[in-house]
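Here is the file final_3.txt (compact mmCIF, C-alpha atoms).
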# COMPACT_ATOMS: atom_id res chain seq x y z
CA MET A 1 -55.21 -59.47 -37.66
CA ARG A 2 -56.30 -56.12 -39.06
CA LEU A 3 -58.10 -55.37 -35.79
CA TRP A 4 -55.06 -56.49 -33.81
CA PHE A 5 -52.66 -54.15 -35.64
CA SER A 6 -55.22 -51.36 -35.56
CA THR A 7 -55.49 -51.73 -31.77
CA LEU A 8 -51.70 -51.76 -31.48
CA ALA A 9 -51.42 -48.48 -33.40
CA GLN A 10 -54.30 -46.91 -31.46
CA THR A 11 -52.69 -47.84 -28.15
CA TRP A 12 -49.38 -46.28 -29.20
CA ARG A 13 -51.18 -43.13 -30.29
CA ALA A 14 -53.26 -42.91 -27.13
CA ALA A 15 -50.26 -43.58 -24.84
CA LEU A 16 -48.12 -40.94 -26.54
CA THR A 17 -50.82 -38.27 -26.62
CA ASP A 18 -51.78 -38.64 -22.96
CA LYS A 19 -49.55 -36.29 -20.95
CA GLY A 20 -49.25 -38.64 -17.98
CA THR A 21 -48.33 -41.78 -19.89
CA LEU A 22 -46.13 -39.81 -22.29
CA LEU A 23 -44.18 -38.65 -19.25
CA MET A 24 -43.72 -42.24 -18.04
CA PHE A 25 -42.95 -43.87 -21.39
CA ILE A 26 -40.78 -41.25 -23.12
CA ILE A 27 -39.89 -38.14 -21.12
CA ALA A 28 -39.01 -39.76 -17.77
CA PRO A 29 -36.52 -42.28 -19.28
CA ILE A 30 -34.69 -39.37 -20.92
CA LEU A 31 -34.63 -37.34 -17.69
CA TYR A 32 -33.64 -40.29 -15.50
CA ALA A 33 -30.90 -41.28 -17.93
CA PHE A 34 -28.94 -38.12 -17.12
CA PHE A 35 -30.34 -36.95 -13.80
CA TYR A 36 -29.57 -40.18 -11.94
CA PRO A 37 -26.03 -41.02 -13.23
CA TRP A 38 -24.75 -37.43 -13.22
CA PRO A 39 -23.77 -37.23 -9.50
CA TYR A 40 -21.58 -40.33 -9.98
CA THR A 41 -19.62 -39.07 -13.00
CA THR A 42 -16.44 -38.66 -10.93
CA GLN A 43 -16.84 -42.35 -9.96
CA GLU A 44 -14.43 -42.16 -7.02
CA LEU A 45 -14.55 -39.96 -3.93
CA ARG A 46 -11.31 -38.01 -3.57
CA ARG A 47 -9.76 -35.24 -1.48
CA VAL A 48 -11.83 -35.82 1.66
CA PRO A 49 -11.01 -33.17 4.32
CA VAL A 50 -9.14 -34.67 7.29
CA ALA A 51 -6.85 -33.66 10.15
CA ILE A 52 -3.89 -35.12 12.03
CA VAL A 53 -3.68 -35.11 15.83
CA ASP A 54 0.09 -35.15 16.42
CA GLN A 55 0.99 -35.78 20.07
CA ASP A 56 4.54 -36.98 19.34
CA HIS A 57 5.96 -34.08 17.26
CA SER A 58 8.71 -36.26 15.82
CA SER A 59 10.26 -36.62 12.37
CA LEU A 60 8.18 -39.77 11.88
CA THR A 61 4.87 -37.98 12.49
CA ARG A 62 5.95 -35.14 10.19
CA GLN A 63 6.66 -37.72 7.51
CA ILE A 64 3.14 -39.13 7.98
CA GLY A 65 1.82 -35.59 7.52
CA ARG A 66 3.74 -35.17 4.25
CA PHE A 67 2.43 -38.49 2.93
CA ALA A 68 -1.12 -37.49 3.91
CA GLN A 69 -0.76 -34.22 1.98
CA ALA A 70 0.39 -36.18 -1.08
CA SER A 71 -2.45 -38.72 -0.90
CA PRO A 72 -5.09 -38.26 -3.66
CA ARG A 73 -7.74 -39.56 -1.25
CA LEU A 74 -7.11 -37.05 1.56
CA ASP A 75 -7.19 -33.28 1.90
CA LEU A 76 -5.19 -32.45 5.03
CA ARG A 77 -6.76 -29.31 6.52
CA PHE A 78 -4.73 -28.89 9.71
CA VAL A 79 -2.41 -30.57 12.21
CA THR A 80 -3.06 -30.19 15.92
CA SER A 81 -1.95 -31.70 19.20
CA SER A 82 -5.47 -31.54 20.67
CA GLU A 83 -7.87 -34.38 19.94
CA ALA A 84 -10.71 -32.27 21.32
CA GLU A 85 -10.09 -29.68 18.61
CA ALA A 86 -10.28 -32.38 15.93
CA ARG A 87 -13.54 -33.69 17.38
CA ARG A 88 -15.04 -30.20 17.36
CA ALA A 89 -14.01 -29.78 13.73
CA MET A 90 -15.71 -33.09 12.91
CA ALA A 91 -18.87 -31.96 14.68
CA ARG A 92 -18.88 -28.79 12.53
CA ARG A 93 -18.29 -30.96 9.40
CA GLU A 94 -15.06 -29.08 8.66
CA ILE A 95 -13.30 -32.44 8.46
CA GLU A 96 -14.60 -35.98 7.97
CA GLY A 97 -12.00 -37.80 10.07
CA TYR A 98 -8.60 -37.69 11.68
CA VAL A 99 -5.67 -39.90 12.67
CA LEU A 100 -4.29 -39.89 16.21
CA LEU A 101 -0.50 -40.17 16.40
CA PRO A 102 0.19 -40.96 20.08
CA LYS A 103 3.01 -39.70 22.23
CA ASP A 104 6.31 -41.64 22.00
CA LEU A 105 5.26 -43.07 18.63
CA LYS A 106 8.75 -42.81 17.11
CA ARG A 107 10.44 -44.21 20.24
CA ASP A 108 8.20 -47.28 20.25
CA VAL A 109 8.69 -47.84 16.51
CA LEU A 110 12.49 -47.67 16.86
CA ARG A 111 12.30 -50.20 19.70
CA GLY A 112 10.38 -52.55 17.43
CA GLN A 113 7.24 -52.40 19.56
CA GLY A 114 3.83 -52.72 17.96
CA VAL A 115 1.99 -49.40 17.88
CA VAL A 116 -1.72 -48.90 17.25
CA VAL A 117 -2.55 -45.74 15.31
CA PRO A 118 -6.30 -44.97 15.63
CA VAL A 119 -8.15 -43.49 12.66
CA LEU A 120 -11.55 -41.99 13.46
CA ALA A 121 -14.18 -41.15 10.82
CA ASP A 122 -17.92 -40.56 10.55
CA GLY A 123 -19.51 -43.97 9.99
CA ALA A 124 -22.87 -42.38 9.05
CA TYR A 125 -21.47 -41.76 5.53
CA PHE A 126 -20.04 -45.08 4.49
CA LEU A 127 -18.29 -43.91 1.31
CA ILE A 128 -16.57 -41.02 3.13
CA ASN A 129 -15.73 -43.33 6.02
CA LYS A 130 -14.17 -45.84 3.62
CA VAL A 131 -12.00 -43.19 1.93
CA VAL A 132 -10.76 -41.78 5.24
CA LEU A 133 -9.87 -45.21 6.63
CA SER A 134 -8.26 -46.49 3.43
CA GLY A 135 -6.42 -43.20 2.82
CA PHE A 136 -4.83 -43.06 6.26
CA GLY A 137 -4.26 -46.82 6.09
CA GLU A 138 -2.20 -46.39 2.93
CA VAL A 139 -0.27 -43.47 4.42
CA VAL A 140 0.56 -45.19 7.72
CA GLY A 141 1.24 -48.49 5.96
CA THR A 142 3.73 -46.86 3.58
CA VAL A 143 5.58 -45.08 6.39
CA SER A 144 5.53 -48.27 8.48
CA ALA A 145 6.98 -50.28 5.61
CA GLY A 146 9.80 -47.78 5.18
CA ALA A 147 10.63 -47.91 8.89
CA GLU A 148 10.64 -51.71 8.85
CA LEU A 149 12.94 -51.81 5.83
CA ARG A 150 15.41 -49.45 7.53
CA GLN A 151 15.42 -51.65 10.63
CA LEU A 152 16.16 -54.74 8.55
CA GLN A 153 18.96 -52.95 6.71
CA ALA A 154 20.41 -51.79 10.04
CA LYS A 155 20.64 -55.45 11.06
CA GLY A 156 22.86 -56.19 8.01
CA ALA A 157 20.36 -57.14 5.31
CA SER A 158 20.76 -55.65 1.85
CA LYS A 159 18.02 -53.48 0.39
CA HIS A 160 16.81 -56.34 -1.83
CA GLN A 161 16.93 -58.87 1.03
CA ALA A 162 15.05 -56.49 3.32
CA ALA A 163 12.30 -56.02 0.72
CA LEU A 164 11.97 -59.80 0.20
CA SER A 165 12.02 -60.48 3.93
CA ARG A 166 9.27 -57.98 4.63
CA SER A 167 7.04 -58.96 1.70
CA PRO A 168 7.83 -62.45 0.35
CA LEU A 169 4.44 -62.59 -1.42
CA ASN A 170 2.99 -59.62 -3.29
CA LEU A 171 -0.70 -59.26 -4.00
CA SER A 172 -1.92 -57.83 -7.29
CA LEU A 173 -5.59 -56.75 -7.36
CA VAL A 174 -7.14 -56.49 -10.84
CA PRO A 175 -10.85 -55.58 -11.15
CA LEU A 176 -12.56 -57.79 -13.70
CA TYR A 177 -15.78 -55.95 -14.58
CA ASN A 178 -15.88 -52.57 -12.85
CA LYS A 179 -12.56 -51.37 -14.26
CA THR A 180 -12.67 -47.97 -12.60
CA GLU A 181 -13.88 -49.45 -9.30
CA GLY A 182 -16.29 -46.52 -9.23
CA TYR A 183 -19.59 -46.31 -7.43
CA GLY A 184 -21.47 -45.15 -10.53
CA SER A 185 -20.37 -48.13 -12.61
CA TYR A 186 -21.56 -50.36 -9.79
CA VAL A 187 -24.96 -48.90 -8.95
CA VAL A 188 -26.34 -47.26 -12.13
CA PRO A 189 -26.53 -50.39 -14.38
CA ALA A 190 -28.56 -52.12 -11.67
CA VAL A 191 -30.83 -49.19 -10.85
CA ALA A 192 -31.49 -48.62 -14.58
CA VAL A 193 -33.31 -51.97 -14.73
CA LEU A 194 -35.51 -50.92 -11.81
CA ILE A 195 -36.20 -47.56 -13.48
CA ILE A 196 -37.24 -49.31 -16.69
CA GLN A 197 -39.66 -51.52 -14.77
CA GLN A 198 -41.23 -48.79 -12.64
CA LEU A 199 -41.81 -46.38 -15.51
CA LEU A 200 -43.30 -49.09 -17.72
CA LEU A 201 -45.38 -50.50 -14.88
CA ILE A 202 -46.79 -47.13 -13.78
CA GLY A 203 -47.38 -45.97 -17.35
CA SER A 204 -49.27 -49.08 -18.43
CA ALA A 205 -51.30 -49.26 -15.19
CA MET A 206 -52.23 -45.58 -15.55
CA TRP A 207 -53.36 -46.06 -19.15
CA VAL A 208 -55.47 -49.13 -18.32
CA GLY A 209 -56.94 -47.40 -15.27
CA THR A 210 -57.89 -44.42 -17.44
CA TRP A 211 -59.49 -46.73 -20.02
CA PHE A 212 -61.71 -48.35 -17.42
CA GLU A 213 -62.65 -44.95 -16.00
CA THR A 214 -63.90 -43.71 -19.35
CA ARG A 215 -65.03 -46.80 -21.32
CA ARG A 216 -67.10 -49.84 -20.49
CA GLU A 217 -67.70 -51.70 -23.78
CA LYS A 218 -66.83 -55.39 -23.89
CA GLU A 219 -63.83 -56.47 -25.92
CA SER A 220 -62.03 -59.68 -26.84
CA LEU A 221 -59.41 -60.38 -24.18
CA LEU A 222 -57.07 -62.37 -26.38
CA GLY A 223 -57.30 -60.03 -29.32
CA VAL A 224 -57.53 -56.43 -28.24
CA TRP A 225 -55.75 -56.64 -24.88
CA SER A 226 -52.87 -58.74 -26.22
CA ALA A 227 -52.25 -55.97 -28.76
CA ARG A 228 -52.31 -53.37 -26.00
CA THR A 229 -49.90 -55.41 -23.89
CA VAL A 230 -47.55 -55.67 -26.86
CA ALA A 231 -47.79 -51.90 -27.32
CA PHE A 232 -46.77 -51.29 -23.70
CA ALA A 233 -43.99 -53.90 -23.85
CA SER A 234 -42.56 -52.34 -27.01
CA LEU A 235 -42.32 -48.98 -25.24
CA GLY A 236 -40.44 -50.75 -22.44
CA LEU A 237 -38.07 -52.26 -25.02
CA LEU A 238 -37.44 -48.76 -26.39
CA SER A 239 -36.61 -47.50 -22.89
CA ALA A 240 -34.29 -50.46 -22.23
CA ALA A 241 -32.48 -49.94 -25.54
CA TRP A 242 -31.99 -46.28 -24.61
CA PHE A 243 -30.42 -47.12 -21.23
CA PHE A 244 -28.38 -50.16 -22.28
CA GLY A 245 -27.05 -48.46 -25.41
CA PRO A 246 -26.43 -44.70 -25.61
CA VAL A 247 -26.68 -43.95 -21.86
CA PHE A 248 -24.24 -46.62 -20.70
CA ARG A 249 -21.88 -45.73 -23.53
CA PHE A 250 -22.05 -41.99 -22.78
CA PHE A 251 -21.18 -42.50 -19.10
CA ASP A 252 -18.64 -45.21 -19.95
CA TYR A 253 -20.29 -47.94 -17.91
CA GLY A 254 -19.73 -51.56 -18.81
CA HIS A 255 -22.06 -52.41 -21.68
CA ALA A 256 -22.64 -54.48 -24.82
CA CYS A 257 -20.79 -57.53 -23.50
CA ASN A 258 -23.54 -59.89 -24.73
CA VAL A 259 -25.98 -57.82 -26.78
CA GLY A 260 -27.84 -60.72 -28.36
CA ALA A 261 -28.63 -62.50 -25.11
CA ALA A 262 -29.64 -59.25 -23.37
CA ALA A 263 -31.96 -58.34 -26.24
CA LEU A 264 -33.53 -61.79 -26.19
CA LEU A 265 -34.09 -61.67 -22.43
CA LEU A 266 -35.69 -58.24 -22.69
CA LEU A 267 -38.68 -59.81 -24.47
CA PRO A 268 -40.06 -61.80 -21.49
CA PHE A 269 -38.87 -59.06 -19.10
CA CYS A 270 -40.85 -56.27 -20.76
CA TRP A 271 -43.83 -58.54 -21.46
CA ALA A 272 -44.01 -59.56 -17.80
CA ILE A 273 -43.97 -55.91 -16.68
CA ALA A 274 -46.56 -54.84 -19.26
CA ALA A 275 -48.86 -57.74 -18.33
CA LEU A 276 -48.52 -56.89 -14.63
CA GLY A 277 -49.31 -53.25 -15.42
CA VAL A 278 -52.46 -54.31 -17.29
CA ALA A 279 -53.49 -56.51 -14.36
CA ILE A 280 -52.96 -53.75 -11.78
CA GLY A 281 -54.73 -51.17 -13.94
CA ALA A 282 -57.71 -53.50 -14.44
CA LEU A 283 -57.92 -54.41 -10.75
CA LEU A 284 -57.81 -50.81 -9.56
CA ALA A 285 -59.69 -49.33 -12.55
CA ASP A 286 -58.53 -45.88 -11.49
CA ARG A 287 -55.74 -43.75 -12.94
CA GLU A 288 -54.62 -42.02 -9.76
CA ARG A 289 -54.91 -45.07 -7.54
CA ALA A 290 -52.70 -47.07 -9.91
CA MET A 291 -49.95 -44.45 -9.77
CA GLN A 292 -50.23 -44.00 -6.00
CA ALA A 293 -50.08 -47.73 -5.37
CA LEU A 294 -46.92 -48.19 -7.44
CA LEU A 295 -44.89 -45.11 -6.53
CA CYS A 296 -44.13 -46.40 -3.03
CA THR A 297 -42.83 -49.78 -4.24
CA SER A 298 -39.53 -48.61 -5.75
CA LEU A 299 -37.46 -48.49 -2.54
CA PRO A 300 -38.52 -51.94 -1.23
CA MET A 301 -37.73 -53.43 -4.64
CA ALA A 302 -34.29 -51.81 -4.58
CA PHE A 303 -33.50 -53.52 -1.27
CA LEU A 304 -34.78 -56.87 -2.57
CA SER A 305 -32.80 -56.69 -5.81
CA GLY A 306 -29.39 -57.56 -4.38
CA PHE A 307 -27.16 -54.62 -5.37
CA SER A 308 -27.45 -52.62 -2.12
CA TRP A 309 -27.53 -55.75 0.07
CA PRO A 310 -26.73 -59.33 -1.03
CA ARG A 311 -29.89 -61.29 -1.82
CA GLU A 312 -28.34 -64.34 -0.19
CA ALA A 313 -28.27 -62.46 3.12
CA LEU A 314 -32.00 -61.69 3.00
CA PRO A 315 -34.50 -63.71 5.05
CA PRO A 316 -35.83 -66.68 3.01
CA ALA A 317 -39.29 -65.14 2.70
CA LEU A 318 -37.93 -61.90 1.21
CA PHE A 319 -35.57 -63.82 -1.07
CA ALA A 320 -38.54 -65.79 -2.41
CA LEU A 321 -40.60 -62.61 -2.80
CA GLY A 322 -37.90 -61.18 -5.07
CA ASP A 323 -38.43 -64.03 -7.53
CA PHE A 324 -41.91 -62.63 -8.27
CA ILE A 325 -40.59 -59.16 -9.22
CA PRO A 326 -39.29 -58.71 -12.81
CA ALA A 327 -36.76 -56.01 -11.88
CA VAL A 328 -35.19 -58.13 -9.11
CA VAL A 329 -34.64 -61.04 -11.47
CA GLY A 330 -33.77 -58.70 -14.34
CA ILE A 331 -31.03 -56.93 -12.38
CA GLN A 332 -29.35 -60.25 -11.64
CA ALA A 333 -29.55 -61.26 -15.31
CA PHE A 334 -28.81 -58.02 -17.18
CA VAL A 335 -25.84 -56.99 -15.04
CA ARG A 336 -24.30 -60.38 -15.81
CA LEU A 337 -25.05 -60.07 -19.53
CA ASN A 338 -24.28 -56.36 -20.07
CA GLN A 339 -21.37 -55.83 -17.68
CA MET A 340 -19.89 -59.29 -17.10
CA GLY A 341 -20.35 -60.87 -20.53
CA THR A 342 -21.92 -64.12 -19.36
CA THR A 343 -23.72 -66.40 -21.79
CA LEU A 344 -27.45 -67.03 -21.94
CA ALA A 345 -26.88 -70.53 -20.57
CA GLU A 346 -25.19 -69.07 -17.48
CA VAL A 347 -28.27 -66.97 -16.66
CA GLN A 348 -30.70 -69.79 -17.39
CA PRO A 349 -32.31 -69.74 -13.91
CA TYR A 350 -33.18 -66.05 -14.35
CA THR A 351 -34.45 -66.69 -17.89
CA GLN A 352 -36.80 -69.36 -16.57
CA LEU A 353 -38.06 -67.05 -13.82
CA LEU A 354 -38.78 -64.25 -16.32
CA LEU A 355 -40.65 -66.65 -18.62
CA LEU A 356 -42.72 -67.89 -15.67
CA GLN A 357 -43.42 -64.30 -14.63
CA ALA A 358 -44.54 -63.41 -18.16
CA LEU A 359 -46.93 -66.39 -18.20
CA GLY A 360 -48.19 -65.85 -14.65
CA PHE A 361 -48.80 -62.11 -15.03
CA SER A 362 -50.54 -62.71 -18.38
CA LEU A 363 -52.96 -65.10 -16.66
CA LEU A 364 -53.41 -62.56 -13.86
CA ALA A 365 -54.17 -59.83 -16.43
CA ALA A 366 -56.69 -62.07 -18.22
CA TRP A 367 -58.44 -62.79 -14.93
CA ALA A 368 -58.51 -59.11 -13.92
CA LEU A 369 -59.89 -58.05 -17.31
CA ARG A 370 -62.57 -60.73 -17.22
CA ARG A 371 -63.47 -59.66 -13.69
CA GLN A 372 -63.98 -56.09 -14.88
CA ALA A 373 -65.98 -57.26 -17.91
CA LEU A 374 -68.40 -59.15 -15.69
CA ARG A 375 -69.12 -56.15 -13.47
Using structure tokens, write down the structure that the file contains.
Amino acid sequence: MRLWFSTLAQTWRAALTDKGTLLMFIIAPILYAFFYPWPYTTQELRRVPVAIVDQDHSSLTRQIGRFAQASPRLDLRFVTSSEAEARRAMARREIEGYVLLPKDLKRDVLRGQGVVVPVLADGAYFLINKVVLSGFGEVVGTVSAGAELRQLQAKGASKHQAALSRSPLNLSLVPLYNKTEGYGSYVVPAVAVLIIQQLLLIGSAMWVGTWFETRREKESLLGVWSARTVAFASLGLLSAAWFFGPVFRFFDYGHACNVGAAALLLLPFCWAIAALGVAIGALLADRERAMQALLCTSLPMAFLSGFSWPREALPPALFALGDFIPAVVGIQAFVRLNQMGTTLAEVQPYTQLLLLQALGFSLLAAWALRRQALR
């Protein structure tokens, strides 16, 4: 036991005095914690520059213009009668979209005819596109509702009867977990889990690769290397506590809904990553190769994890591949525990997967270390 604790302390000391692993274990989590969430601090995209193409020049189209100016989503830059001018402004990125109000719009509305009002936006930027479409949709919908109410009142209905006739059922949308409905609150808690994995994985693989580059003496696998794996896993726990605690609280993301269960699940999560890092470092036995091999894996893992694209919509082979990656399973579990407040029993399938990963990667690490020892 004395040797085990001595190895644990030596590994901590060596990892925190090596500039490369110190960057991965300590400095990078601090930098990522503020560099990555900072662009999303406003949470919602507002005041997107737009234009109105008014080919009717009626009181109704002027009312739409006034409502567009008052919308917090839109920043009305100009009104024109030429659609070509609006398209040129979009090409120069002076505006991000426009609404086309066709000729005889007011006449058709007063006759009770259905009118299609096109809204055009740049689909290459999906957040901007969403704001332009929803902003003009709210503006046109509000003006349309007012016109419909006036028509009903003109036919003899009271104001209250007209409102009930137009909208007998009202829909109330209440967000359960992402209270601000912001992009940052949606994406950062998920990406943080991937950041924790990649930094721990690269750091531990680099350290093990360096060890095999410089030392060749034989050691007890169960004794010495279990202590080193615990040392790496504990640094991962420190990084996770930093993200899940102060960082999420500082940026006001959902957090601390089920602290006990999240802390318990972090044990197999960090152990699985540390064991995989030891296995990769032993197999490659080279510091630079370990880092190069792992740096390019972050983006594929992000697509497999299910926050940018539903995992259920992935091909079966890719869905199954995600079950072998700690961050993919961890994102599904920790978002539910930290942001949604689920119980440990409700994330039992993910708990079982993380335990199996911890066992499987430990066996893989033992095999890789033995393979190096026999060389």
Report as a ChimeraX atom specification all protein, DNA and RNA residues lying within 8 Å of Glu44 of chain A, evaluated on only C-alpha atoms, omitting residues in the same chain fewer than 4 positions from it.
/A:40,181-183
Box for segment 102-119 of chain A: with edges along x, y and z, all listed atoms inside and 4 Å added on each side, what are the centre and edge lengths in Å to one decimal, as JSON?
{"center_x": 2.2, "center_y": -46.2, "center_z": 17.4, "size_x": 28.6, "size_y": 21.0, "size_z": 17.6}
Just checking: using all atoms listed in the file, which residue out of A:Leu222, A:Ala302, A:Ala240, A:Met90 ends up closest to Leu120 of chain A?
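With all atoms listed in the file as the atom set, the closest residue is A:Met90.
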Counting only C-alpha atoms, which of A:Ala205, A:Cys257, A:Val328, A:Ala333 gets nearest to Phe25 of chain A?
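That would be A:Ala205, the residue with the smallest distance to Phe25 of chain A.
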Using all atoms listed in the file, which residues sit within 12 Å of segment 267-269 of chain A once same-chain residues fewer than 5 positions away are excluded, as a ChimeraX atom specification?
/A:193-194,196-197,200-201,229-230,232-238,240-241,260-262,274-276,324-331,333-334,350-362
Please work out which residues fall within 9 Å of (3.6, -44.5, 16.6), coordinates as given in the file, with all atoms listed in the file counting, and return them as a list in words.
Asp56, Leu60, Thr61, Leu101, Pro102, Lys103, Asp104, Leu105, Lys106, Arg107, Asp108, Val109, Gly114, Val115, Val116 and Val117 of chain A
With C-alpha atoms retained, could you export that selection as a JSON list (two decimals), in the frame of the given file?
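out.json written:
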[["chain", "number", "residue", "atom", "x", "y", "z"],
["A", 56, "ASP", "CA", 4.54, -36.98, 19.34],
["A", 60, "LEU", "CA", 8.18, -39.77, 11.88],
["A", 61, "THR", "CA", 4.87, -37.98, 12.49],
["A", 101, "LEU", "CA", -0.50, -40.17, 16.40],
["A", 102, "PRO", "CA", 0.19, -40.96, 20.08],
["A", 103, "LYS", "CA", 3.01, -39.70, 22.23],
["A", 104, "ASP", "CA", 6.31, -41.64, 22.00],
["A", 105, "LEU", "CA", 5.26, -43.07, 18.63],
["A", 106, "LYS", "CA", 8.75, -42.81, 17.11],
["A", 107, "ARG", "CA", 10.44, -44.21, 20.24],
["A", 108, "ASP", "CA", 8.20, -47.28, 20.25],
["A", 109, "VAL", "CA", 8.69, -47.84, 16.51],
["A", 114, "GLY", "CA", 3.83, -52.72, 17.96],
["A", 115, "VAL", "CA", 1.99, -49.40, 17.88],
["A", 116, "VAL", "CA", -1.72, -48.90, 17.25],
["A", 117, "VAL", "CA", -2.55, -45.74, 15.31]]
So how many Å separate atom CA of Gly97 of chain A and atom CA of Val50 of chain A, to one decimal?
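Separating atom CA of Gly97 of chain A from atom CA of Val50 of chain A is a distance of 5.1 Å.
For the residues A:Glu213, A:Asp252, A:Asp75, A:Glu94, ranking by smallest atom-to-atom distance to Ala290 of chain A using only C-alpha atoms places A:Glu213 first.
Among the candidates A:Ala368, A:Ile30, A:Ala285, A:Leu264, the one nearest to Ala192 of chain A when counting all atoms listed in the file is A:Ile30.
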Output segment 49-66 of chain A as a PDB file, in the frame of the given file, making sure N, CA and C atoms are there.
ATOM      1  N   PRO A  49     -11.700 -33.993   3.311  1.00  0.00           N
ATOM      2  CA  PRO A  49     -11.010 -33.170   4.320  1.00  0.00           C
ATOM      3  C   PRO A  49     -10.770 -33.945   5.617  1.00  0.00           C
ATOM      4  N   VAL A  50      -9.525 -33.934   6.086  1.00  0.00           N
ATOM      5  CA  VAL A  50      -9.140 -34.670   7.290  1.00  0.00           C
ATOM      6  C   VAL A  50      -8.170 -33.820   8.104  1.00  0.00           C
ATOM      7  N   ALA A  51      -7.827 -34.328   9.280  1.00  0.00           N
ATOM      8  CA  ALA A  51      -6.850 -33.660  10.150  1.00  0.00           C
ATOM      9  C   ALA A  51      -5.933 -34.721  10.757  1.00  0.00           C
ATOM     10  N   ILE A  52      -4.825 -34.255  11.307  1.00  0.00           N
ATOM     11  CA  ILE A  52      -3.890 -35.120  12.030  1.00  0.00           C
ATOM     12  C   ILE A  52      -3.743 -34.587  13.445  1.00  0.00           C
ATOM     13  N   VAL A  53      -3.927 -35.463  14.428  1.00  0.00           N
ATOM     14  CA  VAL A  53      -3.680 -35.110  15.830  1.00  0.00           C
ATOM     15  C   VAL A  53      -2.292 -35.664  16.175  1.00  0.00           C
ATOM     16  N   ASP A  54      -1.315 -34.768  16.204  1.00  0.00           N
ATOM     17  CA  ASP A  54       0.090 -35.150  16.420  1.00  0.00           C
ATOM     18  C   ASP A  54       0.472 -34.856  17.871  1.00  0.00           C
ATOM     19  N   GLN A  55       0.592 -35.916  18.670  1.00  0.00           N
ATOM     20  CA  GLN A  55       0.990 -35.780  20.070  1.00  0.00           C
ATOM     21  C   GLN A  55       2.437 -36.200  20.307  1.00  0.00           C
ATOM     22  N   ASP A  56       3.145 -36.527  19.224  1.00  0.00           N
ATOM     23  CA  ASP A  56       4.540 -36.980  19.340  1.00  0.00           C
ATOM     24  C   ASP A  56       5.519 -35.911  18.863  1.00  0.00           C
ATOM     25  N   HIS A  57       5.133 -35.166  17.805  1.00  0.00           N
ATOM     26  CA  HIS A  57       5.960 -34.080  17.260  1.00  0.00           C
ATOM     27  C   HIS A  57       7.367 -34.582  16.914  1.00  0.00           C
ATOM     28  N   SER A  58       7.425 -35.684  16.202  1.00  0.00           N
ATOM     29  CA  SER A  58       8.710 -36.260  15.820  1.00  0.00           C
ATOM     30  C   SER A  58       8.853 -36.213  14.302  1.00  0.00           C
ATOM     31  N   SER A  59      10.044 -36.583  13.821  1.00  0.00           N
ATOM     32  CA  SER A  59      10.260 -36.620  12.370  1.00  0.00           C
ATOM     33  C   SER A  59       9.356 -37.664  11.708  1.00  0.00           C
ATOM     34  N   LEU A  60       9.044 -38.725  12.447  1.00  0.00           N
ATOM     35  CA  LEU A  60       8.180 -39.770  11.880  1.00  0.00           C
ATOM     36  C   LEU A  60       6.758 -39.250  11.680  1.00  0.00           C
ATOM     37  N   THR A  61       6.224 -38.519  12.643  1.00  0.00           N
ATOM     38  CA  THR A  61       4.870 -37.980  12.490  1.00  0.00           C
ATOM     39  C   THR A  61       4.822 -36.899  11.417  1.00  0.00           C
ATOM     40  N   ARG A  62       5.907 -36.138  11.269  1.00  0.00           N
ATOM     41  CA  ARG A  62       5.950 -35.140  10.190  1.00  0.00           C
ATOM     42  C   ARG A  62       5.975 -35.824   8.827  1.00  0.00           C
ATOM     43  N   GLN A  63       6.651 -36.965   8.757  1.00  0.00           N
ATOM     44  CA  GLN A  63       6.660 -37.720   7.510  1.00  0.00           C
ATOM     45  C   GLN A  63       5.250 -38.241   7.173  1.00  0.00           C
ATOM     46  N   ILE A  64       4.524 -38.701   8.198  1.00  0.00           N
ATOM     47  CA  ILE A  64       3.140 -39.130   7.980  1.00  0.00           C
ATOM     48  C   ILE A  64       2.306 -37.966   7.455  1.00  0.00           C
ATOM     49  N   GLY A  65       2.535 -36.765   7.998  1.00  0.00           N
ATOM     50  CA  GLY A  65       1.820 -35.590   7.520  1.00  0.00           C
ATOM     51  C   GLY A  65       2.123 -35.290   6.061  1.00  0.00           C
ATOM     52  N   ARG A  66       3.382 -35.423   5.643  1.00  0.00           N
ATOM     53  CA  ARG A  66       3.740 -35.170   4.250  1.00  0.00           C
ATOM     54  C   ARG A  66       3.087 -36.192   3.321  1.00  0.00           C
TER      55      ARG A  66
END
